[in-house]
>>> print(open('start.cif').read())   # mmCIF, C-alpha atoms
data_query
loop_
_atom_site.group_PDB
_atom_site.id
_atom_site.type_symbol
_atom_site.label_atom_id
_atom_site.label_comp_id
_atom_site.auth_asym_id
_atom_site.auth_seq_id
_atom_site.Cartn_x
_atom_site.Cartn_y
_atom_site.Cartn_z
ATOM 1 C CA MET X 1 120.201 77.773 95.266
ATOM 2 C CA VAL X 2 117.895 77.521 98.298
ATOM 3 C CA ASP X 3 114.255 76.699 97.418
ATOM 4 C CA GLY X 4 112.889 80.012 98.730
ATOM 5 C CA LEU X 5 115.432 81.947 96.690
ATOM 6 C CA ARG X 6 114.683 79.825 93.635
ATOM 7 C CA ALA X 7 111.010 80.809 93.989
ATOM 8 C CA LEU X 8 111.993 84.501 94.074
ATOM 9 C CA ALA X 9 114.311 84.164 91.083
ATOM 10 C CA SER X 10 111.669 82.309 89.060
ATOM 11 C CA LEU X 11 109.203 85.224 88.964
ATOM 12 C CA ARG X 12 108.606 86.259 85.334
ATOM 13 C CA ALA X 13 106.254 88.752 83.749
ATOM 14 C CA THR X 14 103.125 87.120 82.336
ATOM 15 C CA ARG X 15 101.363 88.924 79.508
ATOM 16 C CA TRP X 16 99.160 86.059 78.300
ATOM 17 C CA PHE X 17 96.366 84.672 80.444
ATOM 18 C CA THR X 18 93.718 81.980 80.291
ATOM 19 C CA GLU X 19 90.072 82.998 80.627
ATOM 20 C CA ASP X 20 89.878 81.322 84.062
ATOM 21 C CA GLU X 21 88.659 83.648 86.791
ATOM 22 C CA VAL X 22 90.795 84.673 89.742
ATOM 23 C CA GLY X 23 88.663 83.992 92.794
ATOM 24 C CA ASP X 24 88.145 86.583 95.502
ATOM 25 C CA ASP X 25 89.678 84.155 98.012
ATOM 26 C CA VAL X 26 92.945 84.054 96.032
ATOM 27 C CA LEU X 27 92.900 87.813 95.448
ATOM 28 C CA ARG X 28 92.334 88.366 99.162
ATOM 29 C CA GLN X 29 95.395 86.212 99.969
ATOM 30 C CA VAL X 30 97.530 88.263 97.569
ATOM 31 C CA LEU X 31 96.373 91.564 99.062
ATOM 32 C CA GLU X 32 96.610 90.316 102.641
ATOM 33 C CA THR X 33 100.249 89.462 101.962
ATOM 34 C CA ALA X 34 100.820 92.811 100.243
ATOM 35 C CA ARG X 35 99.471 94.868 103.123
ATOM 36 C CA TRP X 36 102.327 93.575 105.312
ATOM 37 C CA THR X 37 104.928 95.171 103.035
ATOM 38 C CA GLY X 38 107.242 97.508 104.896
ATOM 39 C CA SER X 39 107.071 101.225 104.188
ATOM 40 C CA ALA X 40 108.903 104.358 105.304
ATOM 41 C CA ARG X 41 107.741 105.270 108.808
ATOM 42 C CA ASN X 42 105.069 102.564 108.390
ATOM 43 C CA ARG X 43 102.868 105.025 106.477
ATOM 44 C CA GLN X 44 101.557 102.325 104.133
ATOM 45 C CA PRO X 45 100.912 104.946 101.423
ATOM 46 C CA TRP X 46 98.967 102.573 99.172
ATOM 47 C CA ARG X 47 95.417 101.616 98.393
ATOM 48 C CA PHE X 48 94.268 98.860 96.034
ATOM 49 C CA HIS X 49 91.490 98.901 93.449
ATOM 50 C CA THR X 50 90.648 95.846 91.344
ATOM 51 C CA VAL X 51 89.123 95.889 87.881
ATOM 52 C CA ARG X 52 87.358 92.875 86.362
ATOM 53 C CA ASP X 53 85.003 94.621 83.942
ATOM 54 C CA PRO X 54 86.131 93.937 80.327
ATOM 55 C CA ALA X 55 85.264 97.444 79.089
ATOM 56 C CA THR X 56 87.250 99.076 81.887
ATOM 57 C CA ARG X 57 90.208 96.741 81.317
ATOM 58 C CA ALA X 58 90.083 97.684 77.618
ATOM 59 C CA GLU X 59 90.149 101.377 78.553
ATOM 60 C CA LEU X 60 93.131 100.779 80.860
ATOM 61 C CA SER X 61 94.934 98.978 78.033
ATOM 62 C CA ARG X 62 94.970 102.260 76.097
ATOM 63 C CA CYS X 63 96.631 104.230 78.924
ATOM 64 C CA GLY X 64 100.278 103.503 78.178
ATOM 65 C CA ALA X 65 102.516 102.177 75.459
ATOM 66 C CA TYR X 66 102.998 98.833 77.222
ATOM 67 C CA ALA X 67 99.542 98.368 78.750
ATOM 68 C CA VAL X 68 97.896 96.394 75.925
ATOM 69 C CA HIS X 69 97.894 93.092 77.821
ATOM 70 C CA LEU X 70 95.597 94.553 80.518
ATOM 71 C CA ARG X 71 92.725 93.945 78.106
ATOM 72 C CA THR X 72 93.028 90.160 78.475
ATOM 73 C CA ALA X 73 93.997 89.866 82.152
ATOM 74 C CA PRO X 74 91.082 88.563 84.247
ATOM 75 C CA VAL X 75 91.959 91.061 86.998
ATOM 76 C CA VAL X 76 93.844 94.345 86.905
ATOM 77 C CA LEU X 77 94.995 95.602 90.263
ATOM 78 C CA LEU X 78 95.467 99.378 90.357
ATOM 79 C CA LEU X 79 97.915 100.687 92.928
ATOM 80 C CA ALA X 80 97.083 104.146 94.275
ATOM 81 C CA LEU X 81 99.841 105.966 96.151
ATOM 82 C CA ASP X 82 99.611 108.967 98.464
ATOM 83 C CA HIS X 83 101.905 111.437 96.725
ATOM 84 C CA SER X 84 101.989 113.875 99.619
ATOM 85 C CA TRP X 85 105.082 111.909 100.679
ATOM 86 C CA GLY X 86 108.221 112.067 98.554
ATOM 87 C CA ASP X 87 109.108 108.410 99.070
ATOM 88 C CA ALA X 88 105.727 106.963 98.106
ATOM 89 C CA GLU X 89 107.045 105.657 94.763
ATOM 90 C CA PHE X 90 109.763 103.637 96.511
ATOM 91 C CA ASP X 91 107.198 102.107 98.871
ATOM 92 C CA GLY X 92 104.911 101.521 95.888
ATOM 93 C CA GLY X 93 107.642 99.525 94.173
ATOM 94 C CA ARG X 94 108.050 97.416 97.273
ATOM 95 C CA VAL X 95 104.340 96.613 97.562
ATOM 96 C CA ALA X 96 104.023 95.961 93.809
ATOM 97 C CA GLN X 97 106.857 93.419 93.948
ATOM 98 C CA ASN X 98 105.247 91.707 96.943
ATOM 99 C CA ILE X 99 101.919 91.541 95.102
ATOM 100 C CA MET X 100 103.612 89.835 92.163
ATOM 101 C CA LEU X 101 105.547 87.434 94.418
ATOM 102 C CA ALA X 102 102.405 86.509 96.376
ATOM 103 C CA ALA X 103 100.516 85.914 93.127
ATOM 104 C CA HIS X 104 103.410 83.779 91.858
ATOM 105 C CA ALA X 105 103.395 81.690 95.056
ATOM 106 C CA LEU X 106 99.682 81.029 94.481
ATOM 107 C CA GLY X 107 100.198 79.944 90.859
ATOM 108 C CA LEU X 108 99.101 83.193 89.201
ATOM 109 C CA GLY X 109 100.955 85.157 86.580
ATOM 110 C CA SER X 110 101.389 88.914 86.787
ATOM 111 C CA CYS X 111 102.864 91.835 84.897
ATOM 112 C CA PRO X 112 103.271 95.428 86.083
ATOM 113 C CA VAL X 113 102.320 98.385 83.908
ATOM 114 C CA THR X 114 103.239 102.045 84.265
ATOM 115 C CA PHE X 115 100.578 104.479 83.118
ATOM 116 C CA PHE X 116 101.955 107.499 81.271
ATOM 117 C CA PRO X 117 102.004 110.310 80.276
ATOM 118 C CA ASP X 118 100.421 112.383 83.046
ATOM 119 C CA ASP X 119 97.040 112.669 81.328
ATOM 120 C CA ASN X 120 96.775 108.867 81.468
ATOM 121 C CA VAL X 121 97.703 108.935 85.160
ATOM 122 C CA GLU X 122 94.879 111.412 85.787
ATOM 123 C CA ARG X 123 92.449 109.303 83.731
ATOM 124 C CA VAL X 124 93.277 106.042 85.540
ATOM 125 C CA THR X 125 93.290 107.729 88.972
ATOM 126 C CA ALA X 126 89.779 109.083 88.346
ATOM 127 C CA LEU X 127 88.591 105.778 86.869
ATOM 128 C CA ALA X 128 89.637 104.051 90.112
ATOM 129 C CA GLY X 129 87.784 106.656 92.178
ATOM 130 C CA PHE X 130 90.808 108.405 93.693
ATOM 131 C CA SER X 131 91.768 112.075 93.819
ATOM 132 C CA ALA X 132 94.755 114.098 95.066
ATOM 133 C CA PRO X 133 96.974 113.373 96.845
ATOM 134 C CA TRP X 134 96.364 109.835 95.549
ATOM 135 C CA GLN X 135 97.634 108.845 92.086
ATOM 136 C CA VAL X 136 97.520 105.592 90.141
ATOM 137 C CA ARG X 137 100.695 105.221 88.077
ATOM 138 C CA THR X 138 100.933 101.432 88.346
ATOM 139 C CA GLY X 139 98.658 98.590 87.347
ATOM 140 C CA ILE X 140 99.317 94.882 87.757
ATOM 141 C CA ALA X 141 97.752 92.314 85.448
ATOM 142 C CA LEU X 142 96.810 89.131 87.318
ATOM 143 C CA GLY X 143 95.580 85.815 86.016
ATOM 144 C CA HIS X 144 96.313 82.203 85.282
ATOM 145 C CA PRO X 145 99.257 82.044 82.855
ATOM 146 C CA ALA X 146 98.674 80.938 79.278
ATOM 147 C CA PRO X 147 101.464 79.906 76.914
ATOM 148 C CA THR X 148 103.121 82.798 75.113
ATOM 149 C CA PRO X 149 102.339 82.629 71.397
ATOM 150 C CA ALA X 150 105.440 81.822 69.360
ATOM 151 C CA GLY X 151 107.325 84.875 68.176
ATOM 152 C CA ARG X 152 105.329 87.306 70.347
ATOM 153 C CA SER X 153 108.077 88.563 72.678
ATOM 154 C CA ALA X 154 109.547 91.954 71.852
ATOM 155 C CA ILE X 155 111.797 91.772 74.914
ATOM 156 C CA PRO X 156 115.246 90.170 74.897
ATOM 157 C CA THR X 157 115.459 87.050 77.012
ATOM 158 C CA GLY X 158 118.180 86.027 79.425
ATOM 159 C CA ARG X 159 119.789 87.773 82.348
ATOM 160 C CA HIS X 160 123.057 89.660 82.844
ATOM 161 C CA THR X 161 125.632 87.658 84.752
ATOM 162 C CA LEU X 162 126.262 88.645 88.352
ATOM 163 C CA ASP X 163 129.831 89.610 87.393
ATOM 164 C CA THR X 164 128.379 92.147 84.941
ATOM 165 C CA LEU X 165 126.136 93.693 87.610
ATOM 166 C CA TRP X 166 128.304 93.635 90.730
ATOM 167 C CA THR X 167 131.369 95.615 91.627
ATOM 168 C CA SER X 168 133.162 95.844 94.941
ATOM 169 C CA ASP X 169 135.974 97.883 96.469
#
>>> encode(input="start.cif", output="structure tokens")
Amino acid sequence: MVDGLRALASLRATRWFTEDEVGDDVLRQVLETARWTGSARNRQPWRFHTVRDPATRAELSRCGAYAVHLRTAPVVLLLALDHSWGDAEFDGGRVAQNIMLAAHALGLGSCPVTFFPDDNVERVTALAGFSAPWQVRTGIALGHPAPTPAGRSAIPTGRHTLDTLWTSD
């Protein structure tokens, strides 16, 4: 596998972080890379809001069934999307993946979170200072990876083989 592709394939979700800070210079590099993500008709329907405050991160950690790890991430990046466009979620997925890949290239760990149900989306959107048509449905935990405590993964490991995933005519 080519080195660049190996780097892409090595991205893994990180839910455990050290207490080391993520500097603004590193965060700026991640977001500078993210802003170049392609979008439908180049609308760039995203805005970014970062959260470092421990109390706010704790509140975010209660806004979805799989958001608990936001409490311990040094930085939570909230992704606001302009929902006046039907394809904003697709573009949001693209920019979220680029954020995680840029963080990975800089030695940071990351893990995306979806905020749900809708009352949590409204709560997080307001917390980040956005209002309609903007919504925050996605958060990304960022930080320096810490070892995963033994026995703490509730997610199966391993990947499907390509033969399982790919069909052709």
>>> residues_around(input="start.cif", residues="Leu78 of chain X", least_positions_apart="6", cutoff="7 Å", atoms="only C-alpha atoms", output="list in words")
Phe48, His49, Thr50, Val136, Thr138, Gly139 and Ile140 of chain X
>>> resolve_selection(input="start.cif", expression="the PyMOL selection byres ((chain X and resi 129) around 12)", output="list in words")
Arg47, Phe48, His49, Thr50, Val51, Leu78, Leu79, Ala80, Glu122, Arg123, Val124, Thr125, Ala126, Leu127, Ala128, Phe130, Ser131, Ala132, Trp134, Gln135 and Val136 of chain X
>>> write_last_selection(input="start.cif", atoms="C-alpha atoms", output="PDB file, keeping the file's coordinate frame")
ATOM      1  CA  ARG X  47      95.417 101.616  98.393  1.00  0.00           C
ATOM      2  CA  PHE X  48      94.268  98.860  96.034  1.00  0.00           C
ATOM      3  CA  HIS X  49      91.490  98.901  93.449  1.00  0.00           C
ATOM      4  CA  THR X  50      90.648  95.846  91.344  1.00  0.00           C
ATOM      5  CA  VAL X  51      89.123  95.889  87.881  1.00  0.00           C
ATOM      6  CA  LEU X  78      95.467  99.378  90.357  1.00  0.00           C
ATOM      7  CA  LEU X  79      97.915 100.687  92.928  1.00  0.00           C
ATOM      8  CA  ALA X  80      97.083 104.146  94.275  1.00  0.00           C
ATOM      9  CA  GLU X 122      94.879 111.412  85.787  1.00  0.00           C
ATOM     10  CA  ARG X 123      92.449 109.303  83.731  1.00  0.00           C
ATOM     11  CA  VAL X 124      93.277 106.042  85.540  1.00  0.00           C
ATOM     12  CA  THR X 125      93.290 107.729  88.972  1.00  0.00           C
ATOM     13  CA  ALA X 126      89.779 109.083  88.346  1.00  0.00           C
ATOM     14  CA  LEU X 127      88.591 105.778  86.869  1.00  0.00           C
ATOM     15  CA  ALA X 128      89.637 104.051  90.112  1.00  0.00           C
ATOM     16  CA  PHE X 130      90.808 108.405  93.693  1.00  0.00           C
ATOM     17  CA  SER X 131      91.768 112.075  93.819  1.00  0.00           C
ATOM     18  CA  ALA X 132      94.755 114.098  95.066  1.00  0.00           C
ATOM     19  CA  TRP X 134      96.364 109.835  95.549  1.00  0.00           C
ATOM     20  CA  GLN X 135      97.634 108.845  92.086  1.00  0.00           C
ATOM     21  CA  VAL X 136      97.520 105.592  90.141  1.00  0.00           C
TER      22      VAL X 136
END
>>> resolve_selection(input="start.cif", expression="the PyMOL selection byres ((chain X and resi 120) around 9)", output="short mmCIF file (atom, residue, chain, number, x, y, z; two decimals) with C-alpha atoms, keeping the file's coordinate frame")
data_model
loop_
_atom_site.label_atom_id
_atom_site.label_comp_id
_atom_site.auth_asym_id
_atom_site.auth_seq_id
_atom_site.Cartn_x
_atom_site.Cartn_y
_atom_site.Cartn_z
CA LEU X 60 93.13 100.78 80.86
CA ARG X 62 94.97 102.26 76.10
CA CYS X 63 96.63 104.23 78.92
CA GLY X 64 100.28 103.50 78.18
CA PHE X 115 100.58 104.48 83.12
CA PHE X 116 101.96 107.50 81.27
CA PRO X 117 102.00 110.31 80.28
CA ASP X 118 100.42 112.38 83.05
CA ASP X 119 97.04 112.67 81.33
CA VAL X 121 97.70 108.94 85.16
CA GLU X 122 94.88 111.41 85.79
CA ARG X 123 92.45 109.30 83.73
CA VAL X 124 93.28 106.04 85.54
CA THR X 125 93.29 107.73 88.97
CA ARG X 137 100.70 105.22 88.08
#
>>> atom_distance(input="start.cif", atom1="atom CA of Ala9 of chain X", atom2="atom CA of Gly109 of chain X")
14.1 Å
>>> closest_residue(input="start.cif", among="X:Ala40, X:Val76, X:Ala65, X:Val22", to="Leu108 of chain X", atoms="only C-alpha atoms")
X:Val22
>>> decode(input="start.cif", residues="segment 52-164 of chain X", atoms="C-alpha atoms", output="mmCIF file, in the first residue's frame")
data_model
loop_
_atom_site.group_PDB
_atom_site.id
_atom_site.type_symbol
_atom_site.label_atom_id
_atom_site.label_comp_id
_atom_site.auth_asym_id
_atom_site.auth_seq_id
_atom_site.Cartn_x
_atom_site.Cartn_y
_atom_site.Cartn_z
ATOM 1 C CA ARG X 52 -12.303 23.957 25.704
ATOM 2 C CA ASP X 53 -14.249 24.803 28.858
ATOM 3 C CA PRO X 54 -14.606 21.649 31.035
ATOM 4 C CA ALA X 55 -18.160 22.478 32.159
ATOM 5 C CA THR X 56 -19.323 22.989 28.577
ATOM 6 C CA ARG X 57 -17.606 19.785 27.431
ATOM 7 C CA ALA X 58 -19.382 17.960 30.278
ATOM 8 C CA GLU X 59 -22.719 19.384 29.115
ATOM 9 C CA LEU X 60 -21.987 18.278 25.535
ATOM 10 C CA SER X 61 -21.171 14.783 26.801
ATOM 11 C CA ARG X 62 -24.795 14.451 27.929
ATOM 12 C CA CYS X 63 -26.234 15.315 24.491
ATOM 13 C CA GLY X 64 -26.196 11.881 22.881
ATOM 14 C CA ALA X 65 -25.869 8.233 23.741
ATOM 15 C CA TYR X 66 -22.294 8.049 22.433
ATOM 16 C CA ALA X 67 -21.023 11.490 23.446
ATOM 17 C CA VAL X 68 -19.582 10.616 26.873
ATOM 18 C CA HIS X 69 -15.952 10.893 25.758
ATOM 19 C CA LEU X 70 -16.407 14.608 24.936
ATOM 20 C CA ARG X 71 -16.019 15.264 28.659
ATOM 21 C CA THR X 72 -12.330 14.294 28.590
ATOM 22 C CA ALA X 73 -11.296 15.618 25.166
ATOM 23 C CA PRO X 74 -9.155 18.763 25.493
ATOM 24 C CA VAL X 75 -11.015 20.320 22.545
ATOM 25 C CA VAL X 76 -14.446 19.638 21.093
ATOM 26 C CA LEU X 77 -15.004 21.025 17.637
ATOM 27 C CA LEU X 78 -18.676 21.666 16.865
ATOM 28 C CA LEU X 79 -19.644 21.607 13.208
ATOM 29 C CA ALA X 80 -22.538 23.905 12.309
ATOM 30 C CA LEU X 81 -24.206 23.330 8.943
ATOM 31 C CA ASP X 82 -26.508 25.613 6.969
ATOM 32 C CA HIS X 83 -29.604 23.448 6.627
ATOM 33 C CA SER X 84 -31.267 25.686 4.067
ATOM 34 C CA TRP X 85 -29.533 23.422 1.534
ATOM 35 C CA GLY X 86 -30.610 19.798 1.214
ATOM 36 C CA ASP X 87 -27.087 18.494 0.655
ATOM 37 C CA ALA X 88 -25.478 20.177 3.660
ATOM 38 C CA GLU X 89 -25.196 16.880 5.575
ATOM 39 C CA PHE X 90 -23.195 15.294 2.745
ATOM 40 C CA ASP X 91 -20.818 18.266 2.673
ATOM 41 C CA GLY X 92 -20.666 18.143 6.473
ATOM 42 C CA GLY X 93 -19.518 14.532 6.320
ATOM 43 C CA ARG X 94 -16.802 15.495 3.888
ATOM 44 C CA VAL X 95 -15.468 18.326 6.056
ATOM 45 C CA ALA X 96 -15.697 16.215 9.235
ATOM 46 C CA GLN X 97 -13.595 13.469 7.638
ATOM 47 C CA ASN X 98 -11.018 16.030 6.499
ATOM 48 C CA ILE X 99 -10.858 17.483 10.014
ATOM 49 C CA MET X 100 -10.145 14.031 11.425
ATOM 50 C CA LEU X 101 -7.552 13.249 8.730
ATOM 51 C CA ALA X 102 -5.777 16.585 9.264
ATOM 52 C CA ALA X 103 -5.732 15.997 13.023
ATOM 53 C CA HIS X 104 -4.366 12.485 12.438
ATOM 54 C CA ALA X 105 -1.589 13.837 10.190
ATOM 55 C CA LEU X 106 -0.599 16.202 13.015
ATOM 56 C CA GLY X 107 -0.491 13.416 15.621
ATOM 57 C CA LEU X 108 -3.867 14.112 17.241
ATOM 58 C CA GLY X 109 -6.629 11.646 17.911
ATOM 59 C CA SER X 110 -10.251 12.377 17.077
ATOM 60 C CA CYS X 111 -13.708 10.870 17.313
ATOM 61 C CA PRO X 112 -16.935 12.153 15.753
ATOM 62 C CA VAL X 113 -20.173 12.361 17.715
ATOM 63 C CA THR X 114 -23.730 12.781 16.473
ATOM 64 C CA PHE X 115 -25.993 14.778 18.756
ATOM 65 C CA PHE X 116 -29.523 13.397 19.009
ATOM 66 C CA PRO X 117 -32.470 13.487 19.449
ATOM 67 C CA ASP X 118 -33.591 16.847 18.061
ATOM 68 C CA ASP X 119 -33.829 18.526 21.466
ATOM 69 C CA ASN X 120 -30.104 17.856 21.930
ATOM 70 C CA VAL X 121 -29.409 19.312 18.481
ATOM 71 C CA GLU X 122 -31.267 22.481 19.484
ATOM 72 C CA ARG X 123 -29.408 22.626 22.817
ATOM 73 C CA VAL X 124 -25.949 22.222 21.249
ATOM 74 C CA THR X 125 -26.752 24.640 18.397
ATOM 75 C CA ALA X 126 -27.738 27.325 20.919
ATOM 76 C CA LEU X 127 -24.755 26.548 23.159
ATOM 77 C CA ALA X 128 -22.456 27.199 20.177
ATOM 78 C CA GLY X 129 -24.222 30.491 19.447
ATOM 79 C CA PHE X 130 -25.942 29.481 16.204
ATOM 80 C CA SER X 131 -29.570 29.737 15.115
ATOM 81 C CA ALA X 132 -31.613 28.669 12.073
ATOM 82 C CA PRO X 133 -30.784 27.812 9.391
ATOM 83 C CA TRP X 134 -27.611 26.636 11.156
ATOM 84 C CA GLN X 135 -27.655 23.385 13.160
ATOM 85 C CA VAL X 136 -24.976 21.519 15.089
ATOM 86 C CA ARG X 137 -25.534 17.770 14.757
ATOM 87 C CA THR X 138 -21.858 16.790 14.806
ATOM 88 C CA GLY X 139 -19.062 17.247 17.301
ATOM 89 C CA ILE X 140 -15.484 16.045 16.972
ATOM 90 C CA ALA X 141 -13.359 15.258 20.012
ATOM 91 C CA LEU X 142 -9.726 16.277 19.489
ATOM 92 C CA GLY X 143 -6.685 15.631 21.620
ATOM 93 C CA HIS X 144 -3.483 13.728 22.121
ATOM 94 C CA PRO X 145 -4.302 9.998 22.191
ATOM 95 C CA ALA X 146 -4.017 8.083 25.448
ATOM 96 C CA PRO X 147 -3.959 4.289 25.658
ATOM 97 C CA THR X 148 -7.392 2.687 25.715
ATOM 98 C CA PRO X 149 -8.015 1.079 29.102
ATOM 99 C CA ALA X 150 -8.137 -2.707 28.842
ATOM 100 C CA GLY X 151 -11.607 -4.085 28.261
ATOM 101 C CA ARG X 152 -13.161 -0.666 27.556
ATOM 102 C CA SER X 153 -14.177 -1.110 23.904
ATOM 103 C CA ALA X 154 -17.832 -1.873 23.267
ATOM 104 C CA ILE X 155 -17.221 -1.869 19.512
ATOM 105 C CA PRO X 156 -16.142 -4.944 17.553
ATOM 106 C CA THR X 157 -12.663 -4.660 16.115
ATOM 107 C CA GLY X 158 -11.462 -5.610 12.661
ATOM 108 C CA ARG X 159 -12.655 -4.706 9.205
ATOM 109 C CA HIS X 160 -14.784 -6.464 6.585
ATOM 110 C CA THR X 161 -12.744 -7.842 3.720
ATOM 111 C CA LEU X 162 -12.916 -5.979 0.429
ATOM 112 C CA ASP X 163 -14.546 -9.051 -1.150
ATOM 113 C CA THR X 164 -17.380 -8.722 1.383
#
